[in-house]
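**Q** Contents of query19.cif (mmCIF, C-alpha atoms) are given next:
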```cif
data_coords
#
loop_
_atom_site.label_atom_id
_atom_site.label_comp_id
_atom_site.auth_asym_id
_atom_site.auth_seq_id
_atom_site.Cartn_x
_atom_site.Cartn_y
_atom_site.Cartn_z
CA MET T 1 -12.33 -64.71 49.74
CA THR T 2 -10.10 -61.90 50.97
CA HIS T 3 -11.64 -59.95 53.86
CA THR T 4 -12.40 -56.28 53.45
CA ALA T 5 -10.86 -53.79 55.84
CA ALA T 6 -13.97 -53.50 58.01
CA GLU T 7 -14.34 -57.26 58.35
CA THR T 8 -10.66 -57.75 59.15
CA ALA T 9 -10.70 -55.03 61.81
CA SER T 10 -13.32 -56.92 63.77
CA ASP T 11 -11.99 -60.47 63.38
CA GLY T 12 -9.39 -60.32 66.15
CA GLY T 13 -6.54 -60.53 63.65
CA HIS T 14 -3.46 -58.40 63.20
CA HIS T 15 -5.50 -55.22 62.56
CA THR T 16 -7.24 -55.05 65.95
CA ASP T 17 -5.36 -52.07 67.40
CA TRP T 18 -5.04 -50.18 64.14
CA HIS T 19 -6.43 -46.66 63.93
CA PRO T 20 -5.79 -44.19 61.09
CA ASP T 21 -5.59 -41.10 63.35
CA LEU T 22 -1.87 -41.00 62.67
CA LEU T 23 -1.33 -37.62 64.37
CA ARG T 24 -3.33 -38.66 67.45
CA LEU T 25 -5.54 -35.60 67.14
CA ALA T 26 -8.12 -37.21 69.42
CA ASP T 27 -5.60 -36.91 72.27
CA ARG T 28 -6.21 -33.14 72.21
CA LEU T 29 -9.84 -33.63 73.27
CA THR T 30 -11.04 -33.72 76.85
CA ALA T 31 -11.47 -37.16 78.39
CA GLU T 32 -15.22 -36.81 77.90
CA GLY T 33 -14.73 -35.81 74.27
CA GLN T 34 -12.42 -38.76 73.63
CA GLU T 35 -14.94 -41.16 75.12
CA ARG T 36 -17.80 -39.71 73.08
CA LEU T 37 -15.77 -39.74 69.87
CA GLN T 38 -14.80 -43.36 70.48
CA ARG T 39 -18.47 -44.34 70.90
CA ILE T 40 -19.34 -42.62 67.62
CA GLU T 41 -16.40 -44.20 65.79
CA GLN T 42 -17.27 -47.66 67.06
CA TYR T 43 -20.90 -47.26 66.10
CA ALA T 44 -19.99 -46.00 62.63
CA GLN T 45 -17.58 -48.86 61.98
CA GLN T 46 -19.88 -51.55 63.35
CA HIS T 47 -23.27 -50.35 62.08
CA LEU T 48 -22.70 -48.04 59.11
CA ARG T 49 -19.59 -48.98 57.17
CA ARG T 50 -20.45 -52.41 55.80
CA GLN T 51 -24.20 -51.89 56.08
CA SER T 52 -24.11 -48.84 53.82
CA ILE T 53 -22.72 -50.72 50.83
CA GLU T 54 -26.01 -52.23 49.67
CA ALA T 55 -27.84 -48.94 50.16
CA TRP T 56 -25.09 -47.29 48.09
CA ASN T 57 -25.50 -49.90 45.35
CA GLN T 58 -29.26 -49.24 45.29
CA GLU T 59 -29.04 -45.41 45.55
CA ARG T 60 -31.25 -45.67 48.63
CA LEU T 61 -31.23 -43.54 51.80
CA PRO T 62 -31.44 -45.94 54.78
CA MET T 63 -33.64 -43.93 57.13
CA PRO T 64 -33.02 -46.19 60.18
CA MET T 65 -29.32 -45.29 59.91
CA VAL T 66 -30.14 -41.58 59.78
CA GLU T 67 -32.46 -41.87 62.79
CA ALA T 68 -29.75 -43.72 64.71
CA LEU T 69 -27.36 -40.84 64.06
CA GLY T 70 -29.93 -38.54 65.65
CA GLU T 71 -30.02 -40.79 68.71
CA LEU T 72 -26.25 -40.36 68.97
CA GLY T 73 -26.76 -36.59 69.20
CA LEU T 74 -25.34 -35.87 65.75
CA GLY T 75 -28.21 -33.65 64.65
CA GLU T 76 -27.11 -30.86 66.98
CA LEU T 77 -23.31 -30.81 66.81
CA VAL T 78 -23.24 -27.09 66.02
CA LEU T 79 -25.37 -26.31 69.07
CA ASP T 80 -24.16 -28.73 71.75
CA GLY T 81 -21.15 -26.68 72.89
CA SER T 82 -18.54 -29.14 71.64
CA SER T 83 -15.22 -27.89 70.30
CA GLN T 84 -14.53 -27.37 66.61
CA LEU T 85 -11.88 -30.10 66.77
CA PHE T 86 -14.35 -32.55 68.28
CA GLN T 87 -16.95 -31.74 65.64
CA GLY T 88 -14.37 -32.14 62.90
CA LEU T 89 -13.19 -35.52 64.17
CA VAL T 90 -16.82 -36.67 64.34
CA HIS T 91 -17.34 -35.64 60.72
CA ALA T 92 -14.17 -37.54 59.80
CA ALA T 93 -15.36 -40.61 61.71
CA LEU T 94 -18.64 -40.60 59.80
CA ALA T 95 -16.89 -40.02 56.46
CA ARG T 96 -14.58 -42.93 57.25
CA ALA T 97 -17.69 -45.12 57.43
CA ASP T 98 -19.70 -43.59 54.57
CA LEU T 99 -19.37 -40.25 52.82
CA SER T 100 -23.07 -39.94 51.98
CA LEU T 101 -24.19 -40.34 55.58
CA SER T 102 -21.50 -37.91 56.67
CA SER T 103 -22.92 -35.48 54.11
CA VAL T 104 -26.37 -35.84 55.62
CA VAL T 105 -25.02 -34.97 59.08
CA GLY T 106 -22.67 -32.23 57.88
CA ILE T 107 -25.16 -30.38 55.69
CA HIS T 108 -27.83 -30.77 58.35
CA ASN T 109 -25.62 -29.12 60.96
CA GLU T 110 -23.80 -26.48 58.94
CA LEU T 111 -26.52 -25.39 56.53
CA ILE T 112 -29.88 -26.33 58.08
CA VAL T 113 -29.61 -26.17 61.88
CA GLY T 114 -26.97 -23.42 61.69
CA THR T 115 -29.09 -21.29 59.34
CA VAL T 116 -32.28 -21.63 61.37
CA GLU T 117 -30.42 -20.89 64.59
CA ASN T 118 -28.48 -17.90 63.27
CA LEU T 119 -30.91 -16.34 60.82
CA GLY T 120 -34.35 -17.60 61.83
CA SER T 121 -37.02 -15.91 63.94
CA ALA T 122 -37.75 -16.94 67.51
CA GLU T 123 -40.93 -18.65 66.28
CA GLN T 124 -39.05 -20.57 63.56
CA ARG T 125 -36.43 -21.70 66.01
CA GLU T 126 -39.04 -22.78 68.56
CA GLN T 127 -41.12 -24.65 66.00
CA TRP T 128 -38.36 -26.49 64.14
CA LEU T 129 -35.11 -26.71 66.09
CA PRO T 130 -36.20 -29.36 68.63
CA ARG T 131 -37.07 -31.83 65.86
CA LEU T 132 -34.12 -30.83 63.72
CA ARG T 133 -31.71 -31.27 66.61
CA SER T 134 -32.87 -34.86 67.08
CA LEU T 135 -32.89 -35.55 63.31
CA GLN T 136 -36.59 -36.37 63.59
CA ALA T 137 -36.99 -33.60 61.00
CA ARG T 138 -34.65 -32.94 58.12
CA GLY T 139 -34.11 -29.99 55.86
CA ALA T 140 -33.09 -29.19 52.27
CA PHE T 141 -30.82 -26.21 51.59
CA CYS T 142 -32.20 -24.86 48.31
CA LEU T 143 -29.60 -22.56 46.76
CA THR T 144 -28.07 -24.06 43.58
CA GLU T 145 -30.15 -23.78 40.40
CA PRO T 146 -30.22 -25.63 37.05
CA GLU T 147 -28.48 -22.75 35.27
CA HIS T 148 -26.61 -21.22 38.21
CA GLY T 149 -24.09 -23.10 40.30
CA SER T 150 -20.71 -21.42 40.53
CA ASP T 151 -22.25 -18.05 39.64
CA ILE T 152 -25.17 -18.32 42.05
CA ALA T 153 -24.20 -15.16 43.98
CA GLY T 154 -24.94 -12.95 41.00
CA GLY T 155 -27.11 -15.28 38.95
CA LEU T 156 -29.76 -16.39 41.46
CA ALA T 157 -32.91 -16.56 39.33
CA THR T 158 -35.55 -17.85 41.77
CA THR T 159 -37.81 -14.93 42.63
CA ALA T 160 -39.81 -13.89 45.67
CA GLU T 161 -42.60 -11.48 44.79
CA PRO T 162 -44.28 -9.54 47.62
CA THR T 163 -48.04 -10.10 47.83
CA ALA T 164 -50.77 -8.75 50.05
CA ASP T 165 -50.51 -11.88 52.23
CA GLY T 166 -46.79 -12.62 52.06
CA TRP T 167 -44.68 -13.87 49.15
CA ARG T 168 -44.99 -15.80 45.91
CA ILE T 169 -41.85 -17.84 45.22
CA ARG T 170 -41.15 -19.09 41.69
CA GLY T 171 -38.13 -20.82 40.21
CA ALA T 172 -36.15 -24.06 40.14
CA LYS T 173 -33.35 -25.60 42.19
CA ARG T 174 -30.97 -28.44 41.38
CA TRP T 175 -28.60 -30.78 43.22
CA ILE T 176 -30.49 -30.21 46.47
CA GLY T 177 -29.52 -32.79 49.09
CA LEU T 178 -32.49 -34.62 50.68
CA GLY T 179 -34.80 -32.57 48.45
CA THR T 180 -37.22 -35.49 48.05
CA VAL T 181 -37.31 -36.56 51.71
CA ALA T 182 -36.86 -33.32 53.69
CA ASP T 183 -39.54 -31.91 55.98
CA ILE T 184 -38.58 -28.29 55.36
CA ALA T 185 -36.83 -26.40 52.60
CA LEU T 186 -34.67 -23.32 53.11
CA ILE T 187 -35.32 -21.57 49.82
CA TRP T 188 -33.06 -18.73 48.67
CA ALA T 189 -34.72 -16.29 46.29
CA ARG T 190 -34.26 -12.79 44.92
CA SER T 191 -36.87 -10.21 45.88
CA THR T 192 -38.58 -8.67 42.87
CA ASP T 193 -39.10 -5.57 44.98
CA ASP T 194 -35.52 -4.51 45.70
CA GLY T 195 -33.28 -7.31 44.35
CA GLN T 196 -32.20 -8.45 47.81
CA ILE T 197 -31.47 -12.16 48.33
CA LEU T 198 -33.82 -13.59 50.94
CA CYS T 199 -34.38 -16.98 52.55
CA PHE T 200 -37.67 -18.66 53.38
CA LEU T 201 -38.40 -21.65 55.62
CA VAL T 202 -41.04 -23.65 53.76
CA PRO T 203 -42.54 -27.03 54.74
CA THR T 204 -42.09 -29.37 51.76
CA SER T 205 -45.79 -30.29 52.03
CA THR T 206 -46.62 -26.77 50.80
CA PRO T 207 -48.56 -26.85 47.49
CA GLY T 208 -46.25 -25.79 44.68
CA TYR T 209 -43.14 -27.54 46.02
CA SER T 210 -42.25 -30.39 43.65
CA ALA T 211 -39.06 -32.48 43.93
CA ARG T 212 -37.69 -35.13 41.55
CA LEU T 213 -34.80 -37.44 42.41
CA ILE T 214 -31.66 -37.02 40.29
CA THR T 215 -30.59 -40.51 39.22
CA PRO T 216 -28.48 -42.42 38.42
CA LYS T 217 -25.41 -40.90 40.08
CA THR T 218 -21.93 -42.38 40.29
CA GLY T 219 -21.04 -40.75 43.62
CA LEU T 220 -22.70 -40.03 46.97
CA ARG T 221 -25.34 -42.49 45.81
CA ILE T 222 -27.03 -42.67 49.23
CA MET T 223 -27.59 -38.92 49.37
CA GLN T 224 -30.94 -38.11 47.75
CA ASN T 225 -30.22 -35.14 45.48
CA ALA T 226 -33.19 -33.53 43.81
CA GLU T 227 -34.31 -31.11 41.15
CA ILE T 228 -37.02 -28.87 42.58
CA ASP T 229 -39.71 -26.81 40.89
CA LEU T 230 -41.19 -23.94 42.90
CA ASP T 231 -44.41 -22.04 42.41
CA LEU T 232 -45.83 -21.44 45.85
CA THR T 233 -47.13 -18.80 48.22
CA VAL T 234 -46.11 -18.34 51.84
CA GLY T 235 -47.00 -15.94 54.61
CA PRO T 236 -44.63 -13.31 55.97
CA GLU T 237 -43.71 -15.63 58.85
CA ALA T 238 -41.85 -17.90 56.40
CA GLN T 239 -39.10 -15.35 55.81
CA LEU T 240 -35.90 -15.71 57.82
CA PRO T 241 -35.40 -12.23 59.27
CA GLY T 242 -31.63 -12.56 59.45
CA ALA T 243 -31.22 -13.35 55.73
CA ARG T 244 -31.11 -10.05 53.83
CA SER T 245 -28.29 -10.52 51.28
CA PHE T 246 -25.89 -13.08 49.84
CA ALA T 247 -23.59 -12.29 52.76
CA SER T 248 -26.12 -14.20 54.86
CA VAL T 249 -25.33 -17.30 52.77
CA SER T 250 -21.58 -16.83 52.93
CA HIS T 251 -21.18 -17.57 56.64
CA GLY T 252 -22.85 -20.95 56.23
CA LEU T 253 -20.91 -21.74 53.07
CA ARG T 254 -17.63 -20.89 54.78
CA SER T 255 -18.32 -23.35 57.60
CA SER T 256 -19.63 -25.94 55.17
CA ARG T 257 -16.56 -25.77 52.93
CA ALA T 258 -14.32 -26.21 55.95
CA TRP T 259 -16.40 -29.23 56.95
CA VAL T 260 -15.75 -30.84 53.55
CA GLY T 261 -12.07 -30.79 54.49
CA TRP T 262 -12.92 -33.11 57.38
CA GLN T 263 -14.77 -35.34 54.92
CA ALA T 264 -11.55 -35.57 52.93
CA VAL T 265 -9.74 -36.60 56.12
CA GLY T 266 -12.29 -39.31 56.88
CA ALA T 267 -12.31 -40.59 53.32
CA GLN T 268 -8.54 -40.98 53.40
CA GLN T 269 -8.72 -42.73 56.76
CA ALA T 270 -11.06 -45.22 55.12
CA LEU T 271 -8.79 -45.58 52.10
CA LEU T 272 -5.76 -46.26 54.28
CA ASP T 273 -7.80 -48.78 56.28
CA ILE T 274 -8.93 -50.55 53.13
CA ALA T 275 -5.60 -50.60 51.29
CA ARG T 276 -3.55 -51.56 54.36
CA SER T 277 -5.84 -54.42 55.37
CA TYR T 278 -5.99 -55.76 51.84
CA ALA T 279 -2.21 -55.58 51.48
CA LEU T 280 -1.70 -57.50 54.71
CA ASP T 281 -4.28 -60.20 53.91
CA ARG T 282 -3.80 -60.71 50.18
CA GLN T 283 -1.19 -63.30 49.19
CA GLN T 284 0.66 -63.01 45.89
CA PHE T 285 3.74 -65.00 44.81
CA GLY T 286 3.59 -66.74 48.18
CA ARG T 287 3.97 -63.51 50.16
CA PRO T 288 1.65 -60.87 51.62
CA LEU T 289 0.99 -58.15 49.08
CA GLY T 290 2.12 -55.63 51.69
CA SER T 291 5.67 -57.01 51.59
CA PHE T 292 6.29 -55.57 48.11
CA GLN T 293 8.02 -52.21 47.76
CA LEU T 294 5.50 -50.70 45.34
CA ILE T 295 2.60 -51.49 47.67
CA GLN T 296 4.40 -50.04 50.68
CA SER T 297 5.14 -46.91 48.66
CA ALA T 298 1.45 -46.64 47.77
CA LEU T 299 0.44 -46.97 51.41
CA ALA T 300 3.00 -44.34 52.36
CA THR T 301 1.55 -41.96 49.76
CA ILE T 302 -1.96 -42.34 51.18
CA ALA T 303 -0.66 -41.95 54.74
CA GLY T 304 1.23 -38.80 53.77
CA ASN T 305 -1.79 -37.25 52.10
CA LEU T 306 -3.95 -38.17 55.09
CA THR T 307 -1.49 -36.70 57.58
CA VAL T 308 -1.17 -33.42 55.68
CA SER T 309 -4.97 -33.22 55.49
CA ALA T 310 -5.49 -33.97 59.17
CA ALA T 311 -2.88 -31.41 60.25
CA PHE T 312 -4.46 -28.81 57.96
CA MET T 313 -7.90 -29.40 59.45
CA ALA T 314 -6.63 -29.31 63.04
CA GLU T 315 -5.31 -25.82 62.37
CA THR T 316 -8.54 -24.91 60.59
CA ALA T 317 -10.44 -25.92 63.73
CA ARG T 318 -8.16 -23.64 65.76
CA LEU T 319 -8.93 -20.71 63.47
CA GLN T 320 -12.64 -21.45 63.80
CA GLU T 321 -12.38 -21.46 67.59
CA GLU T 322 -10.61 -18.09 67.40
CA ASN T 323 -13.23 -16.76 64.97
CA ARG T 324 -10.46 -16.03 62.46
CA LEU T 325 -11.37 -18.43 59.67
CA THR T 326 -11.76 -16.65 56.32
CA MET T 327 -13.49 -17.84 53.17
CA GLY T 328 -10.02 -18.21 51.69
CA HIS T 329 -9.04 -20.64 54.44
CA ALA T 330 -12.24 -22.63 53.95
CA SER T 331 -11.88 -22.73 50.17
CA MET T 332 -8.23 -23.77 50.44
CA ALA T 333 -9.19 -26.60 52.81
CA LYS T 334 -11.98 -27.78 50.55
CA ALA T 335 -10.01 -27.60 47.28
CA THR T 336 -6.63 -28.82 48.48
CA LEU T 337 -7.76 -31.71 50.65
CA THR T 338 -10.30 -33.10 48.19
CA ARG T 339 -7.53 -33.01 45.58
CA LEU T 340 -5.30 -35.03 47.91
CA ALA T 341 -8.20 -37.39 48.61
CA ARG T 342 -8.60 -37.99 44.87
CA GLU T 343 -4.95 -39.03 44.65
CA SER T 344 -5.33 -41.27 47.68
CA ALA T 345 -8.46 -42.86 46.22
CA ALA T 346 -6.76 -43.67 42.91
CA THR T 347 -3.75 -45.08 44.77
CA ALA T 348 -5.86 -47.25 47.09
CA ARG T 349 -7.95 -48.56 44.22
CA GLU T 350 -4.78 -49.59 42.40
CA VAL T 351 -3.52 -51.50 45.46
CA LEU T 352 -6.64 -53.66 45.27
CA GLY T 353 -6.19 -54.44 41.57
CA GLY T 354 -9.34 -55.84 39.95
CA ASN T 355 -11.06 -56.11 43.32
CA GLY T 356 -10.68 -52.37 43.62
CA LEU T 357 -13.47 -52.03 41.05
CA LEU T 358 -16.07 -53.72 43.27
CA SER T 359 -18.11 -51.78 45.81
CA GLU T 360 -17.95 -54.83 48.09
CA TYR T 361 -14.24 -54.12 48.57
CA GLU T 362 -15.03 -50.47 49.38
CA ALA T 363 -12.20 -48.70 47.54
CA ALA T 364 -14.35 -48.04 44.46
CA LYS T 365 -17.22 -46.81 46.63
CA VAL T 366 -15.00 -44.34 48.47
CA ALA T 367 -13.30 -43.23 45.25
CA ALA T 368 -16.63 -42.49 43.57
CA ASP T 369 -17.83 -40.54 46.60
CA VAL T 370 -14.58 -38.55 46.70
CA GLU T 371 -15.30 -37.45 43.12
CA ALA T 372 -18.56 -35.97 44.40
CA ILE T 373 -17.06 -34.06 47.33
CA TYR T 374 -14.33 -32.76 44.99
CA THR T 375 -17.13 -31.04 43.05
CA TYR T 376 -19.82 -29.99 45.53
CA GLU T 377 -19.72 -27.00 47.91
CA GLY T 378 -18.04 -25.12 45.07
CA THR T 379 -15.97 -26.82 42.39
CA TYR T 380 -12.22 -27.18 42.76
CA SER T 381 -11.59 -24.35 40.29
CA ILE T 382 -14.02 -21.95 41.92
CA ASN T 383 -12.53 -22.54 45.37
CA GLN T 384 -9.06 -21.97 43.95
CA LEU T 385 -10.23 -18.62 42.54
CA ILE T 386 -11.83 -17.63 45.84
CA LEU T 387 -8.47 -18.23 47.52
CA GLY T 388 -6.68 -16.40 44.70
CA ARG T 389 -8.94 -13.38 45.18
CA GLU T 390 -8.13 -13.32 48.89
CA LEU T 391 -4.40 -13.61 48.21
CA THR T 392 -4.26 -10.85 45.60
CA GLY T 393 -7.26 -8.66 46.25
CA VAL T 394 -8.16 -9.06 42.56
CA SER T 395 -11.14 -11.11 41.41
CA ALA T 396 -10.47 -13.46 38.49
CA PHE T 397 -14.14 -14.35 38.14
CA VAL T 398 -15.60 -13.48 34.73
#
```
What do you get writing this file as structure tokens?
**A**
Amino acid sequence: MTHTAAETASDGGHHTDWHPDLLRLADRLTAEGQERLQRIEQYAQQHLRRQSIEAWNQERLPMPMVEALGELGLGELVLDGSSQLFQGLVHAALARADLSLSSVVGIHNELIVGTVENLGSAEQREQWLPRLRSLQARGAFCLTEPEHGSDIAGGLATTAEPTADGWRIRGAKRWIGLGTVADIALIWARSTDDGQILCFLVPTSTPGYSARLITPKTGLRIMQNAEIDLDLTVGPEAQLPGARSFASVSHGLRSSRAWVGWQAVGAQQALLDIARSYALDRQQFGRPLGSFQLIQSALATIAGNLTVSAAFMAETARLQEENRLTMGHASMAKATLTRLARESAATAREVLGGNGLLSEYEAAKVAADVEAIYTYEGTYSINQLILGRELTGVSAFV
């Protein structure tokens, strides 16, 4: 049987020194950063990449893998003082191994830890951040609703009604990552008092929080997305004091959309790994598949898309370091690079022929997951319109 890319890379064969960081972006890190990134990459390739396939087939979240990521310090990337480039290359390294697990780490950092740190009270930070930072606790970012996705800014229907003892929160949420397994939920709701959009930190053990797994999915199958029903009461201490409008959401969404660009980089690194290894190992007509012009052209297409994506994200990291990243930049990264990743996924799958349809050979798994990241964190069309609004100053939203 032909070896997959991950198996070939570890068998001492002609792929041993191969690495898909074609622009050598890791060389820009400090020596300490390079060493840490290498440890994470090696762990992801040796303990996540092949091992995630069966969990993906079963739509199961492998909690030991998540806990191991916490032990590597990946639950606190946004707080550990590392550079934006380092964080981005870590996200790419995880996405190269498995896009669902990279989603767990990315959403956890950008939307859970970042929100509690930036918008939470001192008491909320003290109570939850230590466990969140170690990934011993996990959160669900509850924004999207069954009837409001792209129009959530104006259409948010979940309500928070002031009571004598705090708030009553009623509504529904949909496509909420880790909604069935999270320890806390960050619930965005509209105040019935003044219409302001607020956020509440609510333990998922609270009576009136009910989550159902959305299944079956054809992408990001390891990520446990949920539909959530809410009819619960909380005290005033549950409210995040820094969240007073939709602008409070936007900062997190901007960082999160930029992070998806790194997922697109990592996915294409995986696709180039997979297609290149298969082309070198697979024999057809008495020759390696990689000796044929059409196959080399396909590999060159994936490499070109990957290189454009990596260069884009390196400059995005620079803008983040300079605090100059706009929502337009983030939306352009998310939309453009996931589009390129889709092309790379289709090209890699074709290189593998019939085997490209099997999750065991990885190309189909990555391609299905790319379809998911193309859609989440704002659809392709919505992100294009966000960029168009920034370019023209005119909103094309209905």
**Q** Considering only C-alpha atoms, return as a PyMOL selection string whatever protein or nucleic-acid residues lie within 10 Å of Ala122 of chain T, sequence-local ones (same chain, fewer than 6 positions apart) excluded.
**A** chain T and resi 116+240-241
**Q** With the cut-off set at 12 Å and counting only C-alpha atoms, tabulate each residue of segment 215-310 of chain T with an atom at most that distance from an atom of segment 324-346 of chain T, showing the nearest atom pair and its distance in Å to one decimal, ordered by chain and increasing number, as CSV.
**A**
```
residue,atom,partner,partner_atom,distance
T:Ala247,CA,T:Met327,CA,11.5
T:Val249,CA,T:Met327,CA,11.9
T:Ser250,CA,T:Met327,CA,8.2
T:His251,CA,T:Met327,CA,8.4
T:Gly252,CA,T:Met327,CA,10.3
T:Leu253,CA,T:Met327,CA,8.4
T:Arg254,CA,T:Met327,CA,5.4
T:Ser255,CA,T:Ala330,CA,7.1
T:Ser256,CA,T:Ala330,CA,8.2
T:Arg257,CA,T:Ala330,CA,5.4
T:Ala258,CA,T:Ala330,CA,4.6
T:Trp259,CA,T:Lys334,CA,7.9
T:Val260,CA,T:Lys334,CA,5.7
T:Gly261,CA,T:Lys334,CA,5.0
T:Trp262,CA,T:Leu337,CA,8.6
T:Gln263,CA,T:Thr338,CA,8.4
T:Ala264,CA,T:Thr338,CA,5.5
T:Val265,CA,T:Leu337,CA,7.6
T:Gly266,CA,T:Ala341,CA,9.4
T:Ala267,CA,T:Ala341,CA,7.0
T:Gln268,CA,T:Ala341,CA,6.0
T:Gln269,CA,T:Ala341,CA,9.8
T:Ala270,CA,T:Ala345,CA,9.6
T:Leu271,CA,T:Ala345,CA,6.5
T:Leu272,CA,T:Ser344,CA,8.3
T:Asp273,CA,T:Ser344,CA,11.7
T:Ile274,CA,T:Ala345,CA,10.3
T:Ala275,CA,T:Ala345,CA,9.7
T:Ser297,CA,T:Ser344,CA,11.9
T:Ala298,CA,T:Ser344,CA,8.6
T:Leu299,CA,T:Ser344,CA,8.9
T:Ala300,CA,T:Ser344,CA,10.0
T:Thr301,CA,T:Ser344,CA,7.2
T:Ile302,CA,T:Ser344,CA,5.0
T:Ala303,CA,T:Ser344,CA,8.5
T:Gly304,CA,T:Ser344,CA,9.3
T:Asn305,CA,T:Leu340,CA,5.9
T:Leu306,CA,T:Ala341,CA,7.8
T:Thr307,CA,T:Leu340,CA,10.5
T:Val308,CA,T:Leu337,CA,8.5
T:Ser309,CA,T:Leu337,CA,5.8
T:Ala310,CA,T:Leu337,CA,9.1
```
**Q** Take the residues from that selection and write them out as a PDB file, in the frame of the given file, keeping C-alpha atoms.
**A**
```pdb
ATOM      1  CA  ALA T 247     -23.590 -12.290  52.760  1.00  0.00           C
ATOM      2  CA  VAL T 249     -25.330 -17.300  52.770  1.00  0.00           C
ATOM      3  CA  SER T 250     -21.580 -16.830  52.930  1.00  0.00           C
ATOM      4  CA  HIS T 251     -21.180 -17.570  56.640  1.00  0.00           C
ATOM      5  CA  GLY T 252     -22.850 -20.950  56.230  1.00  0.00           C
ATOM      6  CA  LEU T 253     -20.910 -21.740  53.070  1.00  0.00           C
ATOM      7  CA  ARG T 254     -17.630 -20.890  54.780  1.00  0.00           C
ATOM      8  CA  SER T 255     -18.320 -23.350  57.600  1.00  0.00           C
ATOM      9  CA  SER T 256     -19.630 -25.940  55.170  1.00  0.00           C
ATOM     10  CA  ARG T 257     -16.560 -25.770  52.930  1.00  0.00           C
ATOM     11  CA  ALA T 258     -14.320 -26.210  55.950  1.00  0.00           C
ATOM     12  CA  TRP T 259     -16.400 -29.230  56.950  1.00  0.00           C
ATOM     13  CA  VAL T 260     -15.750 -30.840  53.550  1.00  0.00           C
ATOM     14  CA  GLY T 261     -12.070 -30.790  54.490  1.00  0.00           C
ATOM     15  CA  TRP T 262     -12.920 -33.110  57.380  1.00  0.00           C
ATOM     16  CA  GLN T 263     -14.770 -35.340  54.920  1.00  0.00           C
ATOM     17  CA  ALA T 264     -11.550 -35.570  52.930  1.00  0.00           C
ATOM     18  CA  VAL T 265      -9.740 -36.600  56.120  1.00  0.00           C
ATOM     19  CA  GLY T 266     -12.290 -39.310  56.880  1.00  0.00           C
ATOM     20  CA  ALA T 267     -12.310 -40.590  53.320  1.00  0.00           C
ATOM     21  CA  GLN T 268      -8.540 -40.980  53.400  1.00  0.00           C
ATOM     22  CA  GLN T 269      -8.720 -42.730  56.760  1.00  0.00           C
ATOM     23  CA  ALA T 270     -11.060 -45.220  55.120  1.00  0.00           C
ATOM     24  CA  LEU T 271      -8.790 -45.580  52.100  1.00  0.00           C
ATOM     25  CA  LEU T 272      -5.760 -46.260  54.280  1.00  0.00           C
ATOM     26  CA  ASP T 273      -7.800 -48.780  56.280  1.00  0.00           C
ATOM     27  CA  ILE T 274      -8.930 -50.550  53.130  1.00  0.00           C
ATOM     28  CA  ALA T 275      -5.600 -50.600  51.290  1.00  0.00           C
ATOM     29  CA  SER T 297       5.140 -46.910  48.660  1.00  0.00           C
ATOM     30  CA  ALA T 298       1.450 -46.640  47.770  1.00  0.00           C
ATOM     31  CA  LEU T 299       0.440 -46.970  51.410  1.00  0.00           C
ATOM     32  CA  ALA T 300       3.000 -44.340  52.360  1.00  0.00           C
ATOM     33  CA  THR T 301       1.550 -41.960  49.760  1.00  0.00           C
ATOM     34  CA  ILE T 302      -1.960 -42.340  51.180  1.00  0.00           C
ATOM     35  CA  ALA T 303      -0.660 -41.950  54.740  1.00  0.00           C
ATOM     36  CA  GLY T 304       1.230 -38.800  53.770  1.00  0.00           C
ATOM     37  CA  ASN T 305      -1.790 -37.250  52.100  1.00  0.00           C
ATOM     38  CA  LEU T 306      -3.950 -38.170  55.090  1.00  0.00           C
ATOM     39  CA  THR T 307      -1.490 -36.700  57.580  1.00  0.00           C
ATOM     40  CA  VAL T 308      -1.170 -33.420  55.680  1.00  0.00           C
ATOM     41  CA  SER T 309      -4.970 -33.220  55.490  1.00  0.00           C
ATOM     42  CA  ALA T 310      -5.490 -33.970  59.170  1.00  0.00           C
TER      43      ALA T 310
END
```
**Q** Write out as a list in words which residues come within 8 Å of segment 167-177 of chain T when counting only C-alpha atoms, dropping same-chain ones fewer than 6 positions away.
**A**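 Here the qualifying residues turn out to be Val104, Ala140, Phe141, Cys142, Leu143, Thr144, Glu145, Pro146, Ala157, Thr158, Thr159, Ala160, Glu161, Ala189, Ile214, Met223, Gln224, Asn225, Ala226, Glu227, Ile228, Asp229, Leu230, Asp231, Leu232, Thr233, Val234, Gly235 and Pro236 of chain T.
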**Q** For a test of reading the model, state the distance in Å between atom CA of Gly120 of chain T and atom CA of Ser210 of chain T, rounded to one decimal.
**A** 23.6 Å
**Q** Using only C-alpha atoms, find the one residue out of T:Thr192, T:Thr215, T:Thr204, T:Gln87 that sits nearest to Gln320 of chain T.
**A**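 Closest to Gln320 of chain T, using only C-alpha atoms: T:Gln87.
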**Q** Would you work out the distance separating atom CA of Lys217 of chain T from atom CA of Glu360 of chain T, expressed in Å to one decimal?
**A**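 It comes out at 17.7 Å.
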**Q** Calculate how many Å separate atom CA of Ala97 of chain T from atom CA of Gln46 of chain T, rounding to one decimal.
**A**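 Going from atom CA of Ala97 of chain T over to atom CA of Gln46 of chain T, I get 9.0 Å.
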**Q** Would you mind listing what lies within 10 Å of segment 36-38 of chain T as a PyMOL selection string, with all atoms listed in the file counted and same-chain residues fewer than 3 positions away left out?
**A** chain T and resi 26+29-33+41-44+72+86-87+89-90+93
**Q** Excluding same-chain residues fewer than 6 positions from Val78 of chain T, what lies within 8 Å of it counting all atoms listed in the file, as number ranges by chain?
**A** T: 87, 109-110, 113-114
**Q** Once the PyMOL selection byres ((chain T and resi 372-374) around 7) is applied to the coordinates I shared, what remains selected? I want it as a list in words.
**A**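 Applied to this file, the PyMOL selection byres ((chain T and resi 372-374) around 7) selects Gly219, Leu220, Thr338, Arg339, Ala368, Asp369, Val370, Glu371, Thr375, Tyr376, Thr379 and Tyr380 of chain T.
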